[in-house]
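Presented below is the structure to which this report refers.
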Amino acid sequence: MHWFLKMGMATAVLAMLMAQPLHAQSSRSNGLKAAIIYNVLRFVSFPEGSNSGSLNLCVVRRMSATREVAALNRKLVGKRPIEVRYIDPGVSDLSGCHVAYVGSGTPAQIGRIRQRGLLLIGDDHDFIRAGGAIGLVKFGNQIRFEVNAGSARQSGIAISSKLLRLASRVKQ
C-alpha cells in the first residue's frame, strides 16, 4: 500500500507540473524542465548492469536550463544519487552518462550519440521525431513532455506506463 500511495503522489506532482501555466519567465520555465526531468527519471528503468552507483545526468554546457538542472545534483532517484556532469556541445562520446540533456539535435546528431543505456532528453519540438527519447516542449504557456517509446526501447530503457499516460504525445 505504501508503494501505491507513493506512486500516486508522484504521478499527481508530475501532472501538476505539466499543467502549470508559465509566464514568459525563462527561469521558471527552466525550473519546470528540471522538475520534469527529475520526475521522468523516477519512472524509467535502465538496462541491467547500469542500475548501481550514481545516476549520471550529463548536461550540455551553456544551455538555458543548466543552472536549474545542476540543482538536481545529489537528489535521489530511488536509492541512486544523481550526479550532474557537464559536456561540451557537439560531444559524441557519452559513455559515462545514463541520461543526456542535450537541447536539440538533428536525426544525424542524435544517431551519433544514441547508445544502449542512454536516455536522451531534449527541448525541441522535433526532438522525439529526430530519435530522442524524451522531448520537453512548450505549448502556449506550458512545458510538457513527449516520449519516443521506440527510441527508448532501442536504448534498453523501459518507460513506465504511468509516465506514458502523462505524456502529451507518445511515438511508438
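Convention: chains lettered A, B, ... in C-alpha cells order; per-chain residue numbering from 1; ligands numbered from 1 as shown.
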Using backbone DSSP assignments, extract all alpha helix (DSSP H) residues from stretch 21-169 of chain A; output them as a PyMOL selection string. chain A and resi 26-41+66-70+107-113+149-154+161-166
When DSSP works through the backbone of this structure, what residues of chain A end up as strand (DSSP E), shown as a ChimeraX atom specification? /A:44-45,55-60,76-77,80-87,99-103,119-122,134-139,142-148,158-159,169-171
What's around stretch 146-157 of chain A at 6 Å? Count only C-alpha atoms, leave out sequence neighbours fewer than 4 positions away in its own chain, and write the answer as a ChimeraX atom specification. /A:45-47,115-117,128,133-135,167-172
Leaving out A:Arg67 and any residue of its chain fewer than 3 positions from it, which residues lie within 12 Å of it when counting only C-alpha atoms, given as number ranges by chain? A: 26-28, 30-31, 33-34, 59-64, 70-73, 84-86
Would you save the residues from that selection as a compact mmCIF listing (two decimals), in the first residue's frame, using all heavy atoms?
```txt
# COMPACT_ATOMS: atom_id res chain seq x y z
N SER A 26 11.90 32.82 -18.27
CA SER A 26 12.67 31.65 -18.66
C SER A 26 13.19 30.89 -17.46
O SER A 26 13.31 29.67 -17.51
CB SER A 26 13.80 32.04 -19.60
OG SER A 26 14.88 32.56 -18.90
N SER A 27 13.48 31.56 -16.34
CA SER A 27 13.98 30.82 -15.18
C SER A 27 12.91 29.89 -14.63
O SER A 27 13.20 28.77 -14.22
CB SER A 27 14.47 31.78 -14.09
OG SER A 27 13.42 32.54 -13.59
N ARG A 28 11.67 30.33 -14.65
CA ARG A 28 10.57 29.45 -14.20
C ARG A 28 10.40 28.30 -15.18
O ARG A 28 10.22 27.15 -14.78
CB ARG A 28 9.29 30.26 -14.07
CG ARG A 28 8.16 29.42 -13.54
CD ARG A 28 6.99 30.27 -13.13
NE ARG A 28 5.95 29.40 -12.63
CZ ARG A 28 4.68 29.63 -12.77
NH1 ARG A 28 4.27 30.73 -13.39
NH2 ARG A 28 3.79 28.80 -12.30
N ASN A 30 12.73 27.03 -17.05
CA ASN A 30 13.87 26.13 -16.85
C ASN A 30 13.72 25.32 -15.57
O ASN A 30 14.11 24.16 -15.52
CB ASN A 30 15.17 26.94 -16.82
CG ASN A 30 15.48 27.54 -18.16
OD1 ASN A 30 15.03 27.06 -19.20
ND2 ASN A 30 16.26 28.60 -18.16
N GLY A 31 13.16 25.93 -14.54
CA GLY A 31 12.90 25.19 -13.31
C GLY A 31 11.89 24.06 -13.53
O GLY A 31 12.04 22.97 -12.98
N LYS A 33 11.43 22.52 -16.40
CA LYS A 33 12.13 21.50 -17.17
C LYS A 33 12.94 20.59 -16.25
O LYS A 33 12.92 19.38 -16.39
CB LYS A 33 13.04 22.14 -18.22
CG LYS A 33 12.28 22.75 -19.38
CD LYS A 33 13.23 23.41 -20.36
CE LYS A 33 12.47 24.08 -21.48
NZ LYS A 33 13.38 24.74 -22.44
N ALA A 34 13.65 21.19 -15.31
CA ALA A 34 14.44 20.41 -14.36
C ALA A 34 13.53 19.51 -13.52
O ALA A 34 13.86 18.34 -13.28
CB ALA A 34 15.27 21.33 -13.46
N VAL A 59 24.77 17.14 -18.96
CA VAL A 59 24.08 18.33 -19.46
C VAL A 59 25.04 19.11 -20.34
O VAL A 59 26.19 19.35 -19.95
CB VAL A 59 23.61 19.21 -18.28
CG1 VAL A 59 22.85 20.42 -18.77
CG2 VAL A 59 22.78 18.41 -17.30
N VAL A 60 24.55 19.52 -21.52
CA VAL A 60 25.37 20.34 -22.40
C VAL A 60 25.60 21.70 -21.74
O VAL A 60 24.67 22.34 -21.26
CB VAL A 60 24.69 20.51 -23.78
CG1 VAL A 60 25.44 21.51 -24.64
CG2 VAL A 60 24.59 19.16 -24.49
N ARG A 61 26.86 22.11 -21.71
CA ARG A 61 27.20 23.43 -21.16
C ARG A 61 26.50 24.54 -21.94
O ARG A 61 26.23 24.41 -23.11
CB ARG A 61 28.71 23.67 -21.26
CG ARG A 61 29.54 22.78 -20.44
CD ARG A 61 31.02 23.14 -20.62
NE ARG A 61 31.87 22.03 -20.29
CZ ARG A 61 32.22 21.70 -19.06
NH1 ARG A 61 31.78 22.40 -18.04
NH2 ARG A 61 33.00 20.65 -18.84
N ARG A 62 26.25 25.63 -21.27
CA ARG A 62 25.67 26.84 -21.86
C ARG A 62 24.24 26.67 -22.35
O ARG A 62 23.77 27.46 -23.15
CB ARG A 62 26.57 27.39 -22.98
CG ARG A 62 27.93 27.82 -22.47
CD ARG A 62 28.78 28.46 -23.55
NE ARG A 62 29.07 27.63 -24.68
CZ ARG A 62 30.06 26.74 -24.76
NH1 ARG A 62 30.84 26.56 -23.73
NH2 ARG A 62 30.26 26.05 -25.84
N MET A 63 23.54 25.65 -21.88
CA MET A 63 22.10 25.56 -22.18
C MET A 63 21.38 26.47 -21.20
O MET A 63 21.87 26.73 -20.11
CB MET A 63 21.60 24.12 -22.03
CG MET A 63 21.93 23.27 -23.22
SD MET A 63 21.24 21.60 -23.11
CE MET A 63 19.61 21.86 -22.52
N SER A 64 20.19 26.90 -21.59
CA SER A 64 19.48 27.84 -20.73
C SER A 64 19.10 27.24 -19.37
O SER A 64 19.02 27.96 -18.39
CB SER A 64 18.22 28.35 -21.44
OG SER A 64 17.33 27.28 -21.70
N ALA A 70 21.41 21.62 -12.67
CA ALA A 70 22.50 21.39 -11.72
C ALA A 70 21.98 21.23 -10.30
O ALA A 70 22.59 20.53 -9.48
CB ALA A 70 23.51 22.53 -11.78
N ALA A 71 20.84 21.82 -9.99
CA ALA A 71 20.24 21.70 -8.65
C ALA A 71 19.78 20.27 -8.36
O ALA A 71 19.51 19.93 -7.21
CB ALA A 71 19.08 22.67 -8.51
N LEU A 72 19.72 19.42 -9.39
CA LEU A 72 19.34 18.02 -9.18
C LEU A 72 20.50 17.19 -8.63
O LEU A 72 20.29 16.06 -8.20
CB LEU A 72 18.86 17.40 -10.51
CG LEU A 72 17.62 18.02 -11.14
CD1 LEU A 72 17.31 17.34 -12.47
CD2 LEU A 72 16.43 17.95 -10.19
N ASN A 73 21.70 17.75 -8.66
CA ASN A 73 22.88 17.02 -8.18
C ASN A 73 22.65 16.54 -6.75
O ASN A 73 22.21 17.30 -5.89
CB ASN A 73 24.12 17.92 -8.24
CG ASN A 73 25.40 17.13 -8.20
OD1 ASN A 73 25.53 16.12 -8.90
ND2 ASN A 73 26.33 17.55 -7.38
N VAL A 84 25.32 15.23 -11.59
CA VAL A 84 25.25 16.09 -12.78
C VAL A 84 26.66 16.29 -13.30
O VAL A 84 27.56 16.68 -12.55
CB VAL A 84 24.58 17.44 -12.47
CG1 VAL A 84 24.59 18.35 -13.69
CG2 VAL A 84 23.14 17.22 -12.00
N ARG A 85 26.83 16.03 -14.59
CA ARG A 85 28.12 16.23 -15.27
C ARG A 85 27.88 17.15 -16.45
O ARG A 85 26.80 17.15 -17.03
CB ARG A 85 28.69 14.90 -15.77
CG ARG A 85 28.98 13.91 -14.67
CD ARG A 85 29.50 12.61 -15.25
NE ARG A 85 29.87 11.69 -14.19
CZ ARG A 85 30.39 10.52 -14.42
NH1 ARG A 85 30.61 10.11 -15.65
NH2 ARG A 85 30.71 9.73 -13.41
N TYR A 86 28.90 17.90 -16.81
CA TYR A 86 28.77 18.84 -17.93
C TYR A 86 29.53 18.32 -19.13
O TYR A 86 30.64 17.78 -18.99
CB TYR A 86 29.28 20.22 -17.52
CG TYR A 86 28.47 20.77 -16.38
CD1 TYR A 86 28.92 20.69 -15.07
CD2 TYR A 86 27.22 21.32 -16.60
CE1 TYR A 86 28.17 21.15 -14.02
CE2 TYR A 86 26.45 21.78 -15.56
CZ TYR A 86 26.92 21.70 -14.27
OH TYR A 86 26.17 22.15 -13.24
```
Tell me which protein, DNA and RNA residues are within 6 Å of stretch 97-108 of chain A, counting only C-alpha atoms, leaving out same-chain ones fewer than 6 positions away, and put them as a PyMOL selection string. chain A and resi 56-60+118-124+130
